[in-house]
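S.K.: Structure: final-v5.txt, compact mmCIF, C-alpha atoms.
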```txt
# COMPACT_ATOMS: atom_id res chain seq x y z
CA MET A 112 24.02 38.58 0.51
CA LYS A 113 21.37 37.13 -1.82
CA LYS A 114 23.91 34.68 -3.23
CA ILE A 115 24.72 33.47 0.28
CA VAL A 116 21.02 32.97 1.09
CA MET A 117 20.41 31.11 -2.18
CA LEU A 118 23.44 28.92 -1.54
CA GLY A 119 22.07 28.07 1.90
CA VAL A 120 18.66 27.16 0.45
CA MET A 121 20.28 24.95 -2.18
CA MET A 122 22.32 23.17 0.48
CA LEU A 123 19.13 22.48 2.47
CA ILE A 124 17.44 21.07 -0.64
CA LEU A 125 20.38 18.73 -1.16
CA ILE A 126 20.52 17.65 2.48
CA ILE A 127 16.80 16.99 3.08
CA PRO A 128 16.36 14.16 0.53
CA MET A 129 19.40 12.41 1.99
CA THR A 130 17.69 12.45 5.38
CA VAL A 131 14.36 11.23 3.99
CA ASN A 132 15.97 8.41 1.99
CA ALA A 133 18.28 7.26 4.77
CA ALA A 134 18.54 3.47 4.86
CA PHE A 135 16.74 1.61 7.60
CA SER A 136 19.01 -0.34 9.91
CA ASP A 137 17.06 -3.58 9.40
CA VAL A 138 16.80 -3.35 5.60
CA PRO A 139 20.23 -4.25 4.15
CA GLU A 140 21.05 -3.40 0.56
CA ASP A 141 20.61 -7.01 -0.50
CA HIS A 142 17.11 -7.28 1.02
CA TRP A 143 14.67 -8.26 -1.74
CA ALA A 144 12.38 -5.29 -0.95
CA ASN A 145 15.11 -2.67 -0.44
CA SER A 146 14.42 -0.79 -3.68
CA TYR A 147 10.66 -0.68 -3.04
CA ILE A 148 11.08 0.49 0.55
CA THR A 149 13.66 3.11 -0.43
CA GLU A 150 11.46 4.43 -3.24
CA LEU A 151 8.33 4.79 -1.14
CA SER A 152 10.22 6.19 1.82
CA GLY A 153 11.72 8.82 -0.45
CA LYS A 154 8.24 9.73 -1.69
CA GLY A 155 6.95 9.98 1.86
CA VAL A 156 4.40 7.20 1.30
CA ILE A 157 5.75 4.89 4.00
CA ASN A 158 7.73 5.53 7.16
CA GLY A 159 9.91 3.62 9.53
CA PHE A 160 9.92 3.60 13.31
CA PRO A 161 11.59 6.17 15.62
CA ASP A 162 14.47 3.79 16.32
CA GLY A 163 15.52 3.83 12.65
CA THR A 164 14.07 0.45 11.75
CA PHE A 165 11.40 -0.41 9.19
CA GLY A 166 10.22 -3.80 10.42
CA PRO A 167 10.03 -5.46 6.98
CA SER A 168 8.83 -8.79 8.39
CA GLU A 169 6.19 -7.29 10.66
CA THR A 170 2.54 -7.83 9.82
CA LEU A 171 0.61 -4.94 8.33
CA THR A 172 -2.75 -4.08 9.88
CA TYR A 173 -5.98 -3.43 8.00
CA GLY A 174 -5.94 0.23 9.02
CA GLN A 175 -2.32 0.73 7.99
CA PHE A 176 -2.98 -0.70 4.55
CA ILE A 177 -6.11 1.42 4.07
CA LYS A 178 -4.10 4.56 4.84
CA LEU A 179 -1.33 3.55 2.44
CA ILE A 180 -3.57 2.58 -0.47
CA VAL A 181 -5.87 5.61 -0.19
CA SER A 182 -2.88 7.97 0.08
CA ALA A 183 -1.31 6.31 -2.96
CA SER A 184 -4.54 6.50 -4.98
CA ILE A 185 -5.77 10.06 -4.57
CA GLU A 186 -4.23 13.39 -3.64
CA GLY A 187 -5.43 16.62 -2.08
CA VAL A 188 -7.77 15.19 0.56
CA ASP A 189 -7.90 17.04 3.89
CA TYR A 190 -8.47 14.07 6.17
CA GLU A 191 -9.08 16.30 9.17
CA LEU A 192 -12.34 17.40 7.52
CA VAL A 193 -13.57 13.87 6.83
CA SER A 194 -16.52 12.99 9.06
CA THR A 195 -16.31 9.47 10.48
CA ASP A 196 -18.34 7.23 12.75
CA VAL A 197 -15.41 5.04 13.83
CA ASP A 198 -13.07 6.11 16.64
CA HIS A 199 -9.68 5.25 15.14
CA TRP A 200 -6.72 7.13 13.66
CA ALA A 201 -7.32 5.40 10.29
CA ALA A 202 -11.05 6.18 10.23
CA PRO A 203 -10.80 9.15 7.80
CA TYR A 204 -8.91 6.99 5.29
CA LEU A 205 -11.44 4.20 5.78
CA LYS A 206 -14.31 6.62 5.14
CA VAL A 207 -12.76 7.86 1.89
CA ALA A 208 -12.22 4.28 0.76
CA GLN A 209 -15.85 3.45 1.60
CA ASN A 210 -17.08 6.53 -0.27
CA TYR A 211 -15.34 5.21 -3.38
CA GLY A 212 -16.74 1.73 -2.88
CA ALA A 213 -13.29 0.26 -2.34
CA VAL A 214 -14.11 -1.00 1.17
CA GLU A 215 -17.39 -2.33 2.53
CA GLU A 216 -19.34 -0.64 5.28
CA GLY A 217 -19.28 -1.94 8.84
CA ILE A 218 -15.51 -2.05 9.41
CA THR A 219 -14.91 -1.58 13.14
CA ALA A 220 -12.04 0.01 15.02
CA GLU A 221 -11.06 -3.44 16.25
CA ARG A 222 -10.86 -4.72 12.67
CA LEU A 223 -8.62 -1.82 11.68
CA ASP A 224 -6.05 -3.02 14.21
CA GLN A 225 -6.07 -6.62 13.00
CA PRO A 226 -3.76 -8.04 10.31
CA ILE A 227 -4.84 -7.81 6.69
CA SER A 228 -4.73 -10.86 4.44
CA ARG A 229 -3.24 -11.11 0.97
CA LEU A 230 -6.69 -11.69 -0.53
CA GLU A 231 -8.12 -8.63 1.22
CA VAL A 232 -5.20 -6.59 -0.11
CA VAL A 233 -5.77 -7.52 -3.76
CA THR A 234 -9.53 -7.03 -3.45
CA ILE A 235 -9.20 -3.54 -1.99
CA LEU A 236 -6.33 -2.67 -4.29
CA GLY A 237 -8.25 -3.69 -7.41
CA LYS A 238 -11.24 -1.58 -6.43
CA CYS A 239 -9.01 1.40 -5.67
CA ASP A 240 -7.22 1.07 -8.99
CA MET A 241 -10.42 0.98 -11.00
CA ASP A 242 -12.64 3.28 -8.95
CA MET A 243 -10.27 5.87 -7.50
CA ARG A 244 -7.75 6.19 -10.30
CA LEU A 245 -10.19 5.29 -13.08
CA HIS A 246 -7.81 2.93 -14.82
CA GLU A 247 -9.18 0.80 -17.59
CA GLN A 248 -9.93 -2.68 -16.41
CA GLN A 249 -7.28 -5.07 -17.59
CA SER A 250 -8.14 -8.48 -18.99
CA VAL A 251 -8.08 -11.16 -16.33
CA GLU A 252 -5.82 -14.07 -17.15
CA ASP A 253 -6.42 -17.64 -16.04
CA LEU A 254 -5.19 -17.96 -12.49
CA PRO A 255 -2.72 -20.81 -11.97
CA PHE A 256 -2.98 -21.00 -8.19
CA THR A 257 -3.94 -24.30 -6.59
CA ASP A 258 -5.45 -22.92 -3.38
CA ILE A 259 -8.10 -20.39 -4.51
CA SER A 260 -11.07 -22.65 -5.20
CA ASN A 261 -13.02 -21.20 -2.28
CA ILE A 262 -12.71 -17.49 -3.13
CA SER A 263 -15.65 -15.56 -4.55
CA THR A 264 -16.10 -14.47 -8.16
CA LEU A 265 -15.34 -10.85 -7.22
CA GLU A 266 -12.21 -11.86 -5.32
CA ARG A 267 -11.09 -13.99 -8.24
CA TYR A 268 -11.59 -11.05 -10.60
CA MET A 269 -9.63 -8.66 -8.40
CA LEU A 270 -6.86 -11.21 -7.93
CA GLY A 271 -6.68 -11.65 -11.69
CA HIS A 272 -6.44 -7.88 -12.11
CA ALA A 273 -3.57 -7.68 -9.62
CA VAL A 274 -1.71 -10.58 -11.19
CA ALA A 275 -2.19 -9.25 -14.73
CA SER A 276 -0.83 -5.90 -13.53
CA ASN A 277 2.14 -7.67 -11.87
CA ILE A 278 1.19 -6.03 -8.58
CA ILE A 279 1.25 -9.29 -6.67
CA ASN A 280 2.34 -12.83 -7.41
CA GLY A 281 1.98 -16.29 -5.97
CA TYR A 282 4.58 -18.60 -4.51
CA THR A 283 6.93 -21.01 -6.25
CA ASP A 284 4.85 -23.98 -5.10
CA GLY A 285 1.91 -22.80 -7.22
CA THR A 286 -0.12 -21.38 -4.33
CA PHE A 287 -1.30 -17.85 -3.56
CA LYS A 288 -1.95 -18.34 0.17
CA PRO A 289 -4.95 -15.96 0.23
CA ALA A 290 -5.36 -16.10 4.02
CA ASN A 291 -1.74 -15.25 4.79
CA ASN A 292 -1.07 -11.84 6.26
CA LEU A 293 0.86 -9.17 4.39
CA THR A 294 4.21 -8.03 5.74
CA ARG A 295 5.43 -4.44 5.59
CA ALA A 296 8.04 -5.43 2.99
CA GLU A 297 5.40 -7.09 0.81
CA ALA A 298 3.21 -4.02 1.15
CA ALA A 299 6.07 -1.82 -0.06
CA LYS A 300 6.44 -3.95 -3.20
CA VAL A 301 2.69 -3.98 -3.86
CA LEU A 302 2.37 -0.22 -3.44
CA SER A 303 5.44 0.54 -5.52
CA VAL A 304 4.18 -1.46 -8.49
CA TYR A 305 0.66 -0.09 -8.01
CA MET A 306 1.84 3.53 -8.03
CA ASN A 307 3.99 3.02 -11.12
CA ILE A 308 1.22 1.53 -13.26
CA LYS A 309 0.55 3.88 -16.13
```
For the structure just supplied, provide its representation as structure tokens.
M.R.:
Amino acid sequence: MKKIVMLGVMMLILIIPMTVNAAFSDVPEDHWANSYITELSGKGVINGFPDGTFGPSETLTYGQFIKLIVSASIEGVDYELVSTDVDHWAAPYLKVAQNYGAVEEGITAERLDQPISRLEVVTILGKCDMDMRLHEQQSVEDLPFTDISNISTLERYMLGHAVASNIINGYTDGTFKPANNLTRAEAAKVLSVYMNIK
């Protein structure tokens, strides 16, 4: 009887990962972000939609990115116990990020529902990497982008950190497009590289 029970448990263990890692209907095998999306889906970091799609080209919101980056940076936080002053589902994650100094104060619920830019992503990500995970700061290389003359010194430093870590790159035309919004596929790539930095 015990052998039968153990066999049943082993079968469940084998079946569950196959369900978690099931391919999304709108992410073909030859999609450039397939491996990143599959990896993070398997780890339970990102999810698709109820209809079986992932929406790789859809824009990521500020709140969605905060949840992803905080979840990828630290473990063991009971977000139900986090006291917040913003009425939004992402507020507990925002509060944790603010407590670590990764996100400024004054972010509103409306802002959490708006798209996040590439520059905001690298700024938050750099702070999370250095403050939450206590990684040593990497040397910042000269940035080759032609469209970043108006960004601040802090933003330039964080962008340099992300580029040096190969977390994010520019475009083939030599630009970074700091004001562009991040797609869900791009976020999967950024988070995958970020989580695998040793």
S.K.: With all atoms listed in the file as the atoms that count, which of A:Leu236, A:Ile180, A:Leu293, A:Ile148 lies nearest to A:Thr164?
M.R.: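 So, comparing all the options, the nearest one is A:Ile148.
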S.K.: Go ahead and compute the interatomic distance for atom CA of A:Val274 and atom CA of A:Gln175, in Å to one decimal.
M.R.: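 Computing the Euclidean distance for atom CA of A:Val274 and atom CA of A:Gln175 yields 22.3 Å.
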S.K.: Got a sec: who's within 12 Å of A:Ser260, counting only C-alpha atoms, leaving out chain neighbours fewer than 4 positions off, as a PyMOL selection string?
M.R.: chain A and resi 254-256+264+266-267+286-289
S.K.: When you count only C-alpha atoms, which of these residues is closest to A:His272: A:Ser136, A:Asn307, A:Thr234, A:Thr195?
M.R.: A:Thr234
S.K.: Compile the contact shell of stretch 298-304 of chain A as a ChimeraX atom specification: residues with an atom at most 8 Å away, counting all atoms listed in the file, same-chain residues fewer than 5 positions apart removed.
M.R.: /A:144,147-148,150-151,157,171,176,179-180,183,277-279,293
S.K.: May I ask for the distance between atom CA of A:Leu270 and atom CA of A:Val193, given in Å to one decimal place?
M.R.: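 Going from atom CA of A:Leu270 over to atom CA of A:Val193 covers 29.9 Å.
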S.K.: Expressed in Å to a single decimal, how great is the separation between atom CA of A:Ser182 and atom CA of A:Asp137?
M.R.: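 Straight-line distance from atom CA of A:Ser182 to atom CA of A:Asp137 works out to 24.9 Å.
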S.K.: Which residue is closest to A:Ala134? Choose from A:Ile177, A:Gln225, A:Arg295, A:Gly159 and count only C-alpha atoms.
M.R.: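 Checking each of A:Ile177, A:Gln225, A:Arg295, A:Gly159 against A:Ala134, counting only C-alpha atoms, the winner is A:Gly159.
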S.K.: Would you list the residues near (-5.4, 7.0, -5.3), meaning any protein, DNA or RNA residue with an atom at most 12 Å from that point in file coordinates, counting only C-alpha atoms, as a ChimeraX atom specification?
M.R.: /A:156,177-188,204,207-208,211,213,235-246,302,305-308
S.K.: Quick one: residues within 6 Å of (-9.5, 9.2, 7.0) (file frame), counting all atoms listed in the file, please, as number ranges by chain.
M.R.: A: 190, 201-206
S.K.: Using only C-alpha atoms, which of A:Gly174, A:Gly271, A:Gly281, A:Pro167 sits nearest A:Val138?
M.R.: A:Pro167
S.K.: Give the answer as one residue: which of A:Glu191, A:Glu169, A:Asp196, A:Glu297 has the shortest atom-to-atom distance to A:Pro226, using all atoms listed in the file?
M.R.: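 Comparing A:Glu191, A:Glu169, A:Asp196, A:Glu297 against A:Pro226, the winner is A:Glu169.
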S.K.: Looking at A:Asp284, A:Trp200, A:Glu231, A:Asn292, which one is nearest to A:Ile262, with distances taken over only C-alpha atoms?
M.R.: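 Using only C-alpha atoms, A:Ile262 sits closest to A:Glu231.
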S.K.: Output stretch 195-213 of chain A with N, CA, C and O atoms present, as a PDB file, in the frame of the given file.
M.R.:
```
ATOM      1  N   THR A 195     -16.334  10.921  10.316  1.00  0.00           N
ATOM      2  CA  THR A 195     -16.310   9.470  10.480  1.00  0.00           C
ATOM      3  C   THR A 195     -17.194   9.044  11.647  1.00  0.00           C
ATOM      4  O   THR A 195     -17.534   9.842  12.523  1.00  0.00           O
ATOM      5  N   ASP A 196     -17.571   7.777  11.641  1.00  0.00           N
ATOM      6  CA  ASP A 196     -18.340   7.230  12.750  1.00  0.00           C
ATOM      7  C   ASP A 196     -17.590   6.106  13.462  1.00  0.00           C
ATOM      8  O   ASP A 196     -18.158   5.340  14.231  1.00  0.00           O
ATOM      9  N   VAL A 197     -16.275   6.027  13.186  1.00  0.00           N
ATOM     10  CA  VAL A 197     -15.410   5.040  13.830  1.00  0.00           C
ATOM     11  C   VAL A 197     -14.311   5.787  14.568  1.00  0.00           C
ATOM     12  O   VAL A 197     -13.678   6.689  14.008  1.00  0.00           O
ATOM     13  N   ASP A 198     -14.087   5.449  15.822  1.00  0.00           N
ATOM     14  CA  ASP A 198     -13.070   6.110  16.640  1.00  0.00           C
ATOM     15  C   ASP A 198     -11.729   5.403  16.447  1.00  0.00           C
ATOM     16  O   ASP A 198     -11.398   4.454  17.173  1.00  0.00           O
ATOM     17  N   HIS A 199     -10.975   5.863  15.452  1.00  0.00           N
ATOM     18  CA  HIS A 199      -9.680   5.250  15.140  1.00  0.00           C
ATOM     19  C   HIS A 199      -8.884   6.210  14.287  1.00  0.00           C
ATOM     20  O   HIS A 199      -9.436   6.977  13.499  1.00  0.00           O
ATOM     21  N   TRP A 200      -7.554   6.202  14.428  1.00  0.00           N
ATOM     22  CA  TRP A 200      -6.720   7.130  13.660  1.00  0.00           C
ATOM     23  C   TRP A 200      -6.867   6.921  12.152  1.00  0.00           C
ATOM     24  O   TRP A 200      -6.690   7.857  11.362  1.00  0.00           O
ATOM     25  N   ALA A 201      -7.196   5.686  11.725  1.00  0.00           N
ATOM     26  CA  ALA A 201      -7.320   5.400  10.290  1.00  0.00           C
ATOM     27  C   ALA A 201      -8.734   5.618   9.770  1.00  0.00           C
ATOM     28  O   ALA A 201      -8.989   5.406   8.573  1.00  0.00           O
ATOM     29  N   ALA A 202      -9.644   6.042  10.625  1.00  0.00           N
ATOM     30  CA  ALA A 202     -11.050   6.180  10.230  1.00  0.00           C
ATOM     31  C   ALA A 202     -11.270   7.125   9.041  1.00  0.00           C
ATOM     32  O   ALA A 202     -12.081   6.814   8.162  1.00  0.00           O
ATOM     33  N   PRO A 203     -10.590   8.276   8.970  1.00  0.00           N
ATOM     34  CA  PRO A 203     -10.800   9.150   7.800  1.00  0.00           C
ATOM     35  C   PRO A 203     -10.424   8.476   6.483  1.00  0.00           C
ATOM     36  O   PRO A 203     -11.096   8.658   5.464  1.00  0.00           O
ATOM     37  N   TYR A 204      -9.342   7.705   6.494  1.00  0.00           N
ATOM     38  CA  TYR A 204      -8.910   6.990   5.290  1.00  0.00           C
ATOM     39  C   TYR A 204      -9.925   5.895   4.946  1.00  0.00           C
ATOM     40  O   TYR A 204     -10.254   5.670   3.771  1.00  0.00           O
ATOM     41  N   LEU A 205     -10.426   5.222   5.973  1.00  0.00           N
ATOM     42  CA  LEU A 205     -11.440   4.200   5.780  1.00  0.00           C
ATOM     43  C   LEU A 205     -12.692   4.811   5.153  1.00  0.00           C
ATOM     44  O   LEU A 205     -13.274   4.237   4.218  1.00  0.00           O
ATOM     45  N   LYS A 206     -13.105   5.971   5.641  1.00  0.00           N
ATOM     46  CA  LYS A 206     -14.310   6.620   5.140  1.00  0.00           C
ATOM     47  C   LYS A 206     -14.155   6.992   3.669  1.00  0.00           C
ATOM     48  O   LYS A 206     -15.090   6.801   2.867  1.00  0.00           O
ATOM     49  N   VAL A 207     -13.003   7.508   3.308  1.00  0.00           N
ATOM     50  CA  VAL A 207     -12.760   7.860   1.890  1.00  0.00           C
ATOM     51  C   VAL A 207     -12.819   6.598   1.036  1.00  0.00           C
ATOM     52  O   VAL A 207     -13.434   6.589  -0.034  1.00  0.00           O
ATOM     53  N   ALA A 208     -12.204   5.532   1.507  1.00  0.00           N
ATOM     54  CA  ALA A 208     -12.220   4.280   0.760  1.00  0.00           C
ATOM     55  C   ALA A 208     -13.649   3.751   0.617  1.00  0.00           C
ATOM     56  O   ALA A 208     -14.033   3.243  -0.449  1.00  0.00           O
ATOM     57  N   GLN A 209     -14.450   3.895   1.659  1.00  0.00           N
ATOM     58  CA  GLN A 209     -15.850   3.450   1.600  1.00  0.00           C
ATOM     59  C   GLN A 209     -16.650   4.326   0.644  1.00  0.00           C
ATOM     60  O   GLN A 209     -17.519   3.828  -0.081  1.00  0.00           O
ATOM     61  N   ASN A 210     -16.376   5.627   0.634  1.00  0.00           N
ATOM     62  CA  ASN A 210     -17.080   6.530  -0.270  1.00  0.00           C
ATOM     63  C   ASN A 210     -16.840   6.173  -1.734  1.00  0.00           C
ATOM     64  O   ASN A 210     -17.700   6.402  -2.595  1.00  0.00           O
ATOM     65  N   TYR A 211     -15.673   5.617  -2.022  1.00  0.00           N
ATOM     66  CA  TYR A 211     -15.340   5.210  -3.380  1.00  0.00           C
ATOM     67  C   TYR A 211     -15.765   3.764  -3.669  1.00  0.00           C
ATOM     68  O   TYR A 211     -15.567   3.262  -4.767  1.00  0.00           O
ATOM     69  N   GLY A 212     -16.315   3.110  -2.681  1.00  0.00           N
ATOM     70  CA  GLY A 212     -16.740   1.730  -2.880  1.00  0.00           C
ATOM     71  C   GLY A 212     -15.616   0.721  -2.844  1.00  0.00           C
ATOM     72  O   GLY A 212     -15.783  -0.434  -3.237  1.00  0.00           O
ATOM     73  N   ALA A 213     -14.446   1.154  -2.374  1.00  0.00           N
ATOM     74  CA  ALA A 213     -13.290   0.260  -2.340  1.00  0.00           C
ATOM     75  C   ALA A 213     -13.298  -0.635  -1.109  1.00  0.00           C
ATOM     76  O   ALA A 213     -12.638  -1.674  -1.096  1.00  0.00           O
TER      77      ALA A 213
END
```
